>>> print(open('structure_11.txt').read())   # compact mmCIF, C-alpha atoms and all ligand atoms
# COMPACT_ATOMS: atom_id res chain seq x y z
CA MET E 1 83.91 88.89 79.05
CA LEU E 2 86.69 90.96 77.58
CA GLU E 3 89.97 89.23 78.16
CA GLY E 4 93.52 90.20 77.30
CA HIS E 5 93.52 93.68 75.87
CA LEU E 6 92.13 96.18 78.36
CA PRO E 7 90.59 99.43 77.06
CA LYS E 8 92.23 102.70 78.19
CA THR E 9 88.92 104.40 78.82
CA ILE E 10 85.66 102.81 79.90
CA ASP E 11 82.08 103.88 80.44
CA PRO E 12 81.58 102.13 83.80
CA ARG E 13 77.78 102.63 83.92
CA LYS E 14 77.32 101.14 80.48
CA LEU E 15 79.55 98.17 81.41
CA ALA E 16 77.53 97.72 84.62
CA LYS E 17 74.24 97.64 82.74
CA GLN E 18 75.72 95.01 80.41
CA HIS E 19 77.32 93.04 83.28
CA VAL E 20 80.74 93.09 81.63
CA SER E 21 83.91 91.69 83.20
CA LEU E 22 87.37 92.97 82.37
CA LYS E 23 90.40 90.76 82.76
CA GLY E 24 93.96 91.38 81.73
CA GLY E 25 97.33 92.90 82.53
CA TRP E 26 97.98 96.60 83.04
CA PRO E 27 101.57 97.94 82.94
CA VAL E 28 102.70 99.26 86.34
CA ALA E 29 104.70 101.99 84.56
CA ASP E 30 101.37 103.50 83.40
CA LEU E 31 100.25 104.20 86.96
CA GLU E 32 101.24 107.78 87.64
CA GLN E 33 100.99 107.88 91.44
CA VAL E 34 102.04 104.32 92.19
CA ALA E 35 105.14 104.55 89.99
CA ASN E 36 106.45 107.37 92.24
CA TYR E 37 106.80 104.93 95.12
CA LEU E 38 108.55 102.16 93.24
CA THR E 39 112.25 101.61 92.70
CA ASN E 40 111.46 99.91 89.43
CA PRO E 41 108.06 100.28 87.74
CA GLU E 42 108.35 96.97 85.90
CA GLY E 43 105.70 94.33 85.48
CA GLU E 44 101.95 94.27 85.25
CA VAL E 45 98.95 94.49 87.50
CA GLU E 46 96.61 91.53 87.03
CA VAL E 47 93.22 93.14 86.65
CA ASP E 48 90.02 91.17 87.25
CA LEU E 49 86.98 93.45 87.54
CA ALA E 50 83.27 92.81 87.22
CA PHE E 51 80.77 95.58 86.44
CA THR E 52 77.27 95.03 87.75
CA GLN E 53 74.18 96.92 88.79
CA ASP E 54 72.86 95.91 92.21
CA ALA E 55 69.25 95.72 93.39
CA GLU E 56 69.37 99.37 94.54
CA GLY E 57 70.59 100.48 91.14
CA HIS E 58 74.19 101.22 92.17
CA PHE E 59 76.78 100.80 89.45
CA VAL E 60 79.18 98.44 91.20
CA ILE E 61 82.76 97.61 90.27
CA SER E 62 84.08 94.59 92.14
CA GLY E 63 87.02 92.28 91.82
CA GLN E 64 90.71 92.08 92.42
CA LEU E 65 93.99 93.72 91.47
CA VAL E 66 97.16 91.70 92.01
CA ALA E 67 100.64 93.10 91.55
CA GLN E 68 104.27 92.50 92.42
CA VAL E 69 105.86 95.84 93.20
CA GLN E 70 109.50 96.73 93.75
CA MET E 71 110.05 99.17 96.60
CA THR E 72 112.91 100.14 98.90
CA CYS E 73 113.18 98.12 102.13
CA GLN E 74 113.06 100.61 105.00
CA ARG E 75 115.44 98.50 107.12
CA CYS E 76 118.30 97.68 104.74
CA LEU E 77 117.51 100.18 101.94
CA GLU E 78 117.87 97.41 99.34
CA PRO E 79 115.13 96.76 96.78
CA VAL E 80 112.37 94.42 97.90
CA THR E 81 109.63 92.83 95.76
CA LEU E 82 106.28 92.73 97.53
CA GLY E 83 102.98 91.20 96.54
CA VAL E 84 99.97 93.51 96.74
CA THR E 85 96.40 92.28 96.43
CA VAL E 86 93.56 94.78 96.37
CA GLU E 87 89.95 93.75 96.88
CA VAL E 88 87.92 96.25 94.87
CA LEU E 89 84.35 97.15 95.81
CA LEU E 90 83.33 100.49 94.37
CA ALA E 91 80.18 102.28 93.32
CA VAL E 92 80.32 104.73 90.44
CA VAL E 93 78.78 108.07 91.44
CA TRP E 94 78.31 111.39 89.64
CA SER E 95 79.56 113.58 92.50
CA ASP E 96 81.05 113.60 96.01
CA GLU E 97 77.56 114.43 97.28
CA SER E 98 75.98 111.26 95.87
CA GLY E 99 78.98 109.32 97.19
CA LYS E 100 77.95 110.22 100.74
CA GLN E 101 74.61 108.47 100.29
CA LEU E 102 76.16 105.08 99.58
CA PRO E 103 75.86 102.18 102.02
CA ASP E 104 79.02 101.70 104.15
CA TYR E 105 80.30 98.67 102.25
CA LEU E 106 80.57 100.59 98.97
CA ASP E 107 83.37 103.09 98.38
CA PRO E 108 82.56 105.84 95.90
CA ILE E 109 84.48 106.53 92.74
CA VAL E 110 83.40 109.83 91.24
CA VAL E 111 82.96 109.69 87.48
CA ALA E 112 81.39 112.97 86.35
CA ASP E 113 80.84 111.95 82.73
CA GLU E 114 80.75 108.72 80.72
CA HIS E 115 84.49 108.24 80.73
CA LEU E 116 86.72 106.68 83.34
CA SER E 117 90.38 106.11 82.69
CA LEU E 118 91.14 102.54 83.71
CA ALA E 119 94.66 103.65 84.68
CA ARG E 120 93.19 106.15 87.16
CA LEU E 121 91.01 103.47 88.76
CA ILE E 122 93.88 100.99 89.10
CA ASP E 123 96.28 103.72 90.29
CA GLU E 124 93.93 105.03 92.99
CA GLU E 125 93.07 101.59 94.30
CA LEU E 126 96.63 100.31 94.31
CA ILE E 127 98.20 103.35 95.96
CA LEU E 128 95.90 102.97 98.97
CA ASN E 129 97.17 99.44 99.44
CA LEU E 130 100.92 99.85 99.01
CA PRO E 131 102.76 98.83 102.18
CA ILE E 132 103.42 101.90 104.37
CA VAL E 133 106.71 100.50 105.62
CA PRO E 134 108.03 98.19 102.91
CA ALA E 135 110.48 95.62 104.27
CA HIS E 136 111.93 92.20 103.48
CA GLU E 137 110.13 89.30 105.11
CA ASP E 138 113.37 88.22 106.70
CA PRO E 139 112.94 88.97 110.46
CA ILE E 140 116.10 91.10 110.38
CA CYS E 141 114.37 93.45 107.98
CA GLN E 142 110.96 93.57 109.66
CA PRO E 143 110.15 96.92 111.28
CA GLN E 144 110.84 96.58 115.00
CA MET E 145 109.79 98.63 117.97
CA GLU E 146 112.98 99.72 119.68
CA TRP E 147 111.41 99.73 123.14
CA LEU E 148 110.69 96.01 122.92
CA ASP E 149 114.38 95.29 122.60
CA PRO E 150 115.77 94.79 126.14
CA ASP E 151 119.25 95.87 125.03
CA ALA E 152 117.87 99.23 123.95
CA VAL E 153 116.37 100.05 127.37
CA ASP E 154 118.34 102.55 129.39
CA ASP E 155 118.99 101.15 132.90
CA SER E 156 118.18 104.42 134.62
CA THR E 157 114.56 104.26 133.45
CA ILE E 158 113.96 100.74 134.79
CA SER E 159 113.68 101.76 138.45
CA GLU E 160 110.93 104.19 137.52
CA GLN E 161 108.84 101.55 135.80
CA PRO E 162 105.72 100.47 137.68
CA LYS E 163 106.07 97.02 139.19
CA ASN E 164 105.20 94.12 136.95
CA PRO E 165 101.59 93.26 137.92
CA PHE E 166 102.38 89.55 137.78
CA ALA E 167 105.25 90.00 140.22
CA VAL E 168 102.82 91.71 142.58
CA LEU E 169 100.36 88.81 142.27
CA ALA E 170 103.16 86.35 142.93
CA SER E 171 104.17 88.13 146.11
CA LEU E 172 100.52 88.22 147.30
CA LYS E 173 100.28 84.48 146.76
CA LYS E 174 103.44 83.99 148.76
CA SER E 175 102.19 85.99 151.73
CA LYS E 176 99.00 83.90 151.87
CA THR E 177 100.74 80.59 152.29
ZN ZN P 1 115.58 94.61 103.85
>>> encode(input="structure_11.txt", output="structure tokens", more="lines below")
Ligand SMILES: [Zn+2]
Amino acid sequence: MLEGHLPKTIDPRKLAKQHVSLKGGWPVADLEQVANYLTNPEGEVEVDLAFTQDAEGHFVISGQLVAQVQMTCQRCLEPVTLGVTVEVLLAVVWSDESGKQLPDYLDPIVVADEHLSLARLIDEELILNLPIVPAHEDPICQPQMEWLDPDAVDDSTISEQPKNPFAVLASLKKSKT
């Protein structure tokens, strides 16, 4: 197990054959795509990845990425710090074509030669798991659906609404007794 200092570039197939685990912190500021979405690219991603070769010979990368990211709350437009946890389960493939032959539970990561930038792996996995609508956990800041708010309903549309099915049932019950 390599702990602490993570290498910039890895040979994922070699690590898989040797059953190596990588553990350590990766600066968020180093993640090209992810950093674009953050108000402040501070902090580190906790990286915990295991490289193994499964019974079918796939080179599997599995583990977890945990980060605290600072984004803009879409309700109040103030910064919000959100926890993101990514469960990683990837198979290293040589091409898109070989990626299509993987079993459903494995997502492909195409590595055409011996080198994979660890930043690229972390960046690609994390960006897929950033919240689409970042918001504070406070209910005031949670995304709401306007049409669920009775005050937002225009009175003129109410008469055109189909009758509440439960109201219909209630009236049927009444007529029986
Ligand atoms: Zn907010």
>>> atom_distance(input="structure_11.txt", atom1="CA of Val28 in chain E", atom2="CA of Ile127 in chain E")
11.4 Å
>>> closest_residue(input="structure_11.txt", among="E:Gln18, E:Arg75, E:Pro139, E:Leu121", to="ligand ZN 1 (chain P)", atoms="only C-alpha atoms and all ligand atoms")
E:Arg75
>>> residues_near_ligand(input="structure_11.txt", ligand="ligand ZN 1 (chain P)", cutoff="6 Å", atoms="only C-alpha atoms and all ligand atoms", output="number ranges by chain")
E: 73, 75-76, 78, 135-136, 141
>>> write_last_selection(input="structure_11.txt", atoms="C-alpha atoms", output="mmCIF file, in the frame of the given file")
data_model
loop_
_atom_site.group_PDB
_atom_site.id
_atom_site.type_symbol
_atom_site.label_atom_id
_atom_site.label_comp_id
_atom_site.auth_asym_id
_atom_site.auth_seq_id
_atom_site.Cartn_x
_atom_site.Cartn_y
_atom_site.Cartn_z
ATOM 1 C CA CYS E 73 113.180 98.120 102.130
ATOM 2 C CA ARG E 75 115.440 98.500 107.120
ATOM 3 C CA CYS E 76 118.300 97.680 104.740
ATOM 4 C CA GLU E 78 117.870 97.410 99.340
ATOM 5 C CA ALA E 135 110.480 95.620 104.270
ATOM 6 C CA HIS E 136 111.930 92.200 103.480
ATOM 7 C CA CYS E 141 114.370 93.450 107.980
#
>>> residues_near_point(input="structure_11.txt", point="(104.8, 103.2, 93.1)", cutoff="12 Å", atoms="all atoms listed in the file", output="count of residues only")
39
>>> residues_around(input="structure_11.txt", residues="Leu116 in chain E", least_positions_apart="4", cutoff="8 Å", atoms="only C-alpha atoms", output="VMD selection string")
chain E and resid 9 to 12 111 120 to 121
>>> atom_distance(input="structure_11.txt", atom1="CA of Val110 in chain E", atom2="CA of Lys8 in chain E")
17.3 Å
>>> residues_around(input="structure_11.txt", residues="range 101-103 of chain E", least_positions_apart="6", cutoff="12 Å", atoms="all atoms listed in the file", output="JSON, numbers by chain")
{"E": [56, 57, 58, 59, 60, 89, 90, 91, 92, 93, 94, 95, 109]}
>>> residues_near_point(input="structure_11.txt", point="(89.5, 92.1, 87.0)", cutoff="8 Å", atoms="all atoms listed in the file", output="PDB file with C-alpha atoms, keeping the file's coordinate frame")
ATOM      1  CA  SER E  21      83.910  91.690  83.200  1.00  0.00           C
ATOM      2  CA  LEU E  22      87.370  92.970  82.370  1.00  0.00           C
ATOM      3  CA  LYS E  23      90.400  90.760  82.760  1.00  0.00           C
ATOM      4  CA  GLY E  24      93.960  91.380  81.730  1.00  0.00           C
ATOM      5  CA  GLU E  46      96.610  91.530  87.030  1.00  0.00           C
ATOM      6  CA  VAL E  47      93.220  93.140  86.650  1.00  0.00           C
ATOM      7  CA  ASP E  48      90.020  91.170  87.250  1.00  0.00           C
ATOM      8  CA  LEU E  49      86.980  93.450  87.540  1.00  0.00           C
ATOM      9  CA  ALA E  50      83.270  92.810  87.220  1.00  0.00           C
ATOM     10  CA  SER E  62      84.080  94.590  92.140  1.00  0.00           C
ATOM     11  CA  GLY E  63      87.020  92.280  91.820  1.00  0.00           C
ATOM     12  CA  GLN E  64      90.710  92.080  92.420  1.00  0.00           C
ATOM     13  CA  LEU E  65      93.990  93.720  91.470  1.00  0.00           C
TER      14      LEU E  65
END
>>> closest_residue(input="structure_11.txt", among="E:Lys14, E:Ile140, E:Pro7, E:Val133", to="Gln74 in chain E", atoms="all atoms listed in the file")
E:Val133
>>> closest_residue(input="structure_11.txt", among="E:Gly25, E:Asp104, E:Val80, E:Leu6", to="Glu137 in chain E", atoms="only C-alpha atoms")
E:Val80
>>> atom_distance(input="structure_11.txt", atom1="CA of Pro108 in chain E", atom2="CA of Val66 in chain E")
20.7 Å
